[in-house]
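Read the structure below first, then the notes.
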Amino acid sequence: MPSFQEIILTLKQYWAKRDCVIQEPYDVEVGAGTMCPETFLRVLGPDPYRVAYVQPSRRPADGRYGDNPNRLYKHSQLQVILKPAPADIIEQYLGSLEAIGIDLRKHDIKFEEDNWEAPTLGAWGIGWQVMLDGLEISQFTYFQQCGGIDLDLVPAELTYGLERLTAFLQVKDSVYDIEWGGGFTYRDVRYKDELQYSVYNFEMADIATLWQLFDLHEGEAGRLLGMYDPKSAGKKRFPLLPAYDQVLKCSNLFNTLDARGAISVTERQAVIQRVRKMAVAVAQAWVDQQAPVAVEVAE
Amino acid sequence: MSLPFLLEIGTEEIPDWMIPGALENLRLLFERLGIPHDEVRVDATPRRLVLRAEGLPARQPDSEERIPGPAKSAPAQAVAGFARKQGIAPEELAVESTPKGEYYVYYKKVKGRETKDLLGESLPGVILGIYFPKTMYWTGKGGPRFIRPIRWIVALLGNDIVPFELAGIRSGALTSGHRRLGAREVAVTCADYEHRLRDHYVILSAQERHDRIAGQLDPGRVKADPELVRKLSYLTEYPTTITGSFDPEFLALPGEVLSTVMRHHQNYFSVVEAGGRLAPEFVAVMNIESDPEGFVRKGNERVLRARFNDARFFWETDQKKTLAARKQDLAHVTFQAKLGSYLGKVERMMTLAAELGGDAHAVRAAELCKCDLTTELVKEFTELQGVVGGLYARAQGEPEPVWQAIYDHYKPESMDDSIPRNRTGQIVAVADKLDTLRGCFRVGLVPSGSRDPYALRRAAQGVVKILVEGRLELPLGELIGEDASLRAFFEERVKYYFKEIRGFGYDEVNACMAAGWSNLVDLEARLERVRSLRASPDFEPLAASFKRIKNILRQAGFTGGGTVDTALLEEGPERDLYEEFTRTAGQPIESAISRLRPKVDLFFDKVLVNVPDEKIRRNRLTLLSTLLAEFSTIADFSEIVTNS
């Protein structure tokens, strides 16, 4: 019975053998692996890329004080980006499940239509949720647009819900009972996170402070983006990655405020638009920054 | 020589609901190629769209192309030039006389093309021409679009490959078996194709997969669900059912919640006991042949247990706050940005329910019916909105008419769905839909084409269905109010309902609606009358006469009014008609029609309306318009399409 960390190591190794860069989690809070620059920005533009990383994904509204066996404030996604998607991508994906010990001749795999969309990122794609014996274990998406931009090469994004997958393999009804590794359970490692962040997100986060932070990060992103000049000779060194960090901060603050019940449904759309506007602006500037600089040839 | 043809488009998993439409489209596009053939059949699994045809010719028939040349009178040089251009001697040209004179013409023999070449050229267009509601690109920006990536193509005419390339894929003779039970590459011929697939755990025929699933369901115990059988037959290549069970403790949850989790979230069939009660079992369909070690069953059982646990947690948590106590929370739930919150909507609905003749129960149901939008259970299972509210209302001791009304108030969800079961529910449902329609039209959220994000067509269609089938004689015209576009919108829905759902003729609907459509119960009664009248041999001629009367009145610019002056009536057909009309006046048209019709016919046969004498002319127009008015309360019969 593989432990949580063995499953992660096996999957990382599997994708490393298929020429993926193995990245560590991004060090800014995100709601999903897709939001990391390794996905959001790398899928843009004409350069091929392959990367895999485990991203702790924070969803404040999903917190349950550590009480619910299936729902987590912070869960771990293994995110794989293959750009462009190889023709045998589904075979490769199924192979990864077999690598962690699932005999697919004895289990039921179904690909059910599920087109992914992230309005705050101006991103969407076509794909499926992958069902293993009735359990959704992965989201499989062919990206079509990101930051409102049609993608040059179509990447495949695979996300594995690692806690679910492990609970499935270890035949555990509660995610807290899964064995993390070294004799520790998931509860040993993560319970305090779940409890304390639930208390903070639902009860104690100071709404006024969070709004202030949101405004500050938005202001900094806006300030930077306002200075980006596509015609500038020095644009390659322009700090778009730090600007994008500010966007991620805003996104996480939005999610926290939302969980705190501080955003009315009417405001919601407007705040999503504010985040989206920044994300799209970063994406557009990024595409411009990556493009080869046109060399002016003297007559 | 006649050849079989096989086309298999191998793809990644296509959404089940799009497959039947795509197949019909594929068939149509193939037929349009105009290649002669015998039987054609289309088949599909989630991973392949297949067209097979018999009896294609190896070559298309030879034909002749007519190439017109210069006039016979043209200089010899020009004639020689034309012939040279066609690659023949001038003597080989024919001469034809045309209305413009005699001309040279060349009948060029066109050799029929190889069918294989023709197919190779056309098939990429056929494949990419298949319509799907949503497509993707996968080879890069500007690349071909299809529902999912195409991964292989089999194209065979007889023993030959029909060669072409599409999206980087070369057509060939290699198919692919079941993802895990079959081989990745399987060589096929037209003759052994279906067999070879079966050897590799792919059942090609959707009907056969359907029957395989249906055949494994115990009709005495498994709740019939033809739509789910159909869906699963397009989600699998080799379907097999398994039966699992769950803890009977969960049966304490409402059956609606259990069924929704099983049906909508897990694609399971429910199992019922002899008495109709849910049994603690389910049937799932897997895409493999068997589950000897019970892995699939156990996995599905665990998923279901987790889902049911969630539902039970929500069910218990939600009960801690009554629906009534949730009303003020609706102030924070937006109904629509321009239309405010659900609290505002609920308050409008309460007023409207009373206006519609609803009693205190109806007003109470209107007050509580949206409160379940703040419950965890509805946030998790949105498709249970209304139902959950009704169940909570029952548990919280609301009277039966109230909880049933809340439970039903989203009904009818489609034209096949039933209307709310009691009067209270019907009134609340109408109030809800009417409020949405009025509000949306007021702020310009009007459906256009296929865009109808607020499902206003369904709402209006629901109002129509409830009023008619609930026999609610409410003045729809007044309820719609002054908004002309909402009126026109409803008029379309009323027409649609009576034509498409109830099967009345479009001219019957037009005729009866021309006589008013504010009271839909009355409209339905009139439609029934016109439909049965139509069987009478006197009806169509009389309808034709009404049309004639209407034309005469219009041409004369006669607007009616006044009474017939009997002194001015001419003896014979005119007075006969008047007397028959006086005798039958007030009688239903059904009993008058057979007596009236010969008199009307005779009148038009013998009597001239447009006589020079102004007084007589006006008197005759008055007679006709009185006659028309008498029967126009049922329908405007001139709208009836007649054969005469």
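Starting from 1 in every chain, residues are counted up; chains themselves are A, B, ... following the order of the structure tokens, and ligands are numbered from 1 as listed.
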
Distance filter 7 Å, only C-alpha atoms, chain B against chain A, as a JSON list (two decimals) with C-alpha atoms, in the first residue's frame:
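The file below, part.json, is the result:
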```json
[["chain", "number", "residue", "atom", "x", "y", "z"],
["B", 13, "GLU", "CA", -13.93, 10.46, -25.62],
["B", 15, "PRO", "CA", -19.52, 13.75, -24.86],
["B", 136, "MET", "CA", -11.75, 22.58, -29.87],
["B", 138, "TRP", "CA", -5.52, 20.68, -30.63],
["B", 139, "THR", "CA", -2.80, 20.80, -33.28],
["B", 140, "GLY", "CA", -2.13, 24.48, -32.61],
["B", 141, "LYS", "CA", -3.71, 27.82, -33.28],
["B", 151, "ARG", "CA", -6.24, 10.10, -33.13],
["B", 180, "ARG", "CA", -7.39, -1.37, -21.48],
["B", 181, "LEU", "CA", -8.95, -4.67, -22.55],
["B", 266, "GLN", "CA", -22.96, 9.04, -10.00],
["B", 286, "MET", "CA", -18.75, 0.01, -15.75],
["B", 287, "ASN", "CA", -16.73, 0.00, -18.94],
["B", 288, "ILE", "CA", -15.12, -3.41, -18.46],
["B", 291, "ASP", "CA", -15.41, -7.26, -11.52],
["B", 295, "PHE", "CA", -12.79, -3.59, -6.80],
["B", 296, "VAL", "CA", -15.23, -1.57, -8.86],
["B", 299, "GLY", "CA", -14.91, 1.71, -4.98],
["B", 300, "ASN", "CA", -18.34, 2.88, -6.03],
["B", 303, "VAL", "CA", -17.83, 7.08, -3.18],
["B", 332, "HIS", "CA", -27.90, 38.82, 0.25],
["B", 333, "VAL", "CA", -28.79, 36.45, -2.57],
["B", 334, "THR", "CA", -28.90, 38.25, -5.89],
["B", 337, "ALA", "CA", -27.98, 42.31, -10.83]]
```

Query raised in the report: Running DSSP on the backbone, which parts of region 64-264 of chain B land in helix (DSSP H, G or I), as JSON, numbers by chain?
Result: {"B": [76, 77, 78, 79, 80, 81, 82, 83, 84, 85, 86, 90, 91, 92, 115, 116, 117, 118, 119, 120, 121, 122, 123, 124, 125, 126, 127, 128, 129, 193, 194, 195, 196, 197, 198, 199, 206, 207, 208, 209, 210, 211, 212, 213, 214, 215, 226, 227, 228, 229, 230, 231, 232, 233, 248, 249, 250, 251, 252, 255, 256, 257, 258, 259, 260, 261, 262, 263, 264]}

Query raised in the report: Which neighbours of Gln196 (chain A) fall inside 10 Å, counting only C-alpha atoms, when residues of the same chain fewer than 6 positions from it are skipped, and could you give them as a PyMOL selection string?
Result: chain A and resi 63+65-66+202

Export of the given selection (C-alpha atoms) as a PDB file, in the first residue's frame:
```pdb
ATOM      1  CA  GLY A  63     -12.565  24.409   4.997  1.00  0.00           C
ATOM      2  CA  TYR A  65     -12.484  22.666  10.716  1.00  0.00           C
ATOM      3  CA  GLY A  66     -10.953  19.271  10.070  1.00  0.00           C
ATOM      4  CA  PHE A 202     -14.740  31.854   8.816  1.00  0.00           C
TER       5      PHE A 202
END
```

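For Gly226 (chain A), the set of protein, DNA and RNA residues having any atom at most 10 Å away, when counting only C-alpha atoms and skipping those fewer than 5 positions along the same chain, is Glu220, Ala221 and Ala281 of chain A.
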
**Report entry** Which of region 208-456 of chain B fall in strand (DSSP E or B), as a PyMOL selection string
**Finding:** chain B and resi 222+240-245+269-272+278-286+334-336+340-341+448+451

Query raised in the report: Residues at most 7 Å from region 544-554 of chain B, counting only C-alpha atoms, excluding those fewer than 2 positions away in the same chain, as a ChimeraX atom specification?
Result: /B:540-542,556-558,621,624,628,637-638,642

Query - 10 Å contact set for region 436-446 of chain B, only C-alpha atoms, chain neighbours under 5 positions out, as a PyMOL selection string - result: chain B and resi 335-336+338-339+345+349+430-431+451-457+459-460+479-481+483-486+489-490

Restricting the output to C-alpha atoms, write the selected residues as a compact mmCIF listing (two decimals), in the first residue's frame.
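Here's the written file again.txt:
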```txt
# COMPACT_ATOMS: atom_id res chain seq x y z
CA PHE B 335 -31.75 37.32 -8.16
CA GLN B 336 -30.33 39.34 -11.02
CA LYS B 338 -30.51 44.75 -12.28
CA LEU B 339 -33.46 43.20 -10.50
CA LYS B 345 -38.52 38.89 -5.59
CA MET B 349 -44.34 37.13 -5.50
CA VAL B 430 -47.18 31.22 -12.06
CA ALA B 431 -46.30 34.09 -9.72
CA ARG B 451 -29.50 32.91 -26.29
CA ASP B 452 -31.86 32.66 -23.34
CA PRO B 453 -29.66 32.73 -20.22
CA TYR B 454 -32.53 33.25 -17.82
CA ALA B 455 -34.59 30.45 -19.37
CA LEU B 456 -37.42 32.85 -20.09
CA ARG B 457 -38.90 30.66 -22.81
CA ALA B 459 -40.77 30.18 -17.79
CA ALA B 460 -43.38 31.53 -20.21
CA LEU B 479 -51.08 39.90 -16.20
CA ILE B 480 -48.67 40.54 -19.04
CA GLY B 481 -49.39 44.26 -18.79
CA ASP B 483 -45.12 45.51 -22.51
CA ALA B 484 -45.62 44.80 -26.21
CA SER B 485 -42.52 42.63 -26.54
CA LEU B 486 -43.57 40.48 -23.58
CA PHE B 489 -43.24 36.64 -26.55
CA PHE B 490 -46.20 35.08 -24.75
```

Query - Near-Glu590 (chain B) list (10 Å; only C-alpha atoms; drop same-chain fewer than 3 positions) as an MDAnalysis selection string - result: chainID B and resid 529:530 532:533 536 539 587 593:594

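Between CA of Leu368 (chain B) and CA of Arg421 (chain B) the separation is 17.7 Å.
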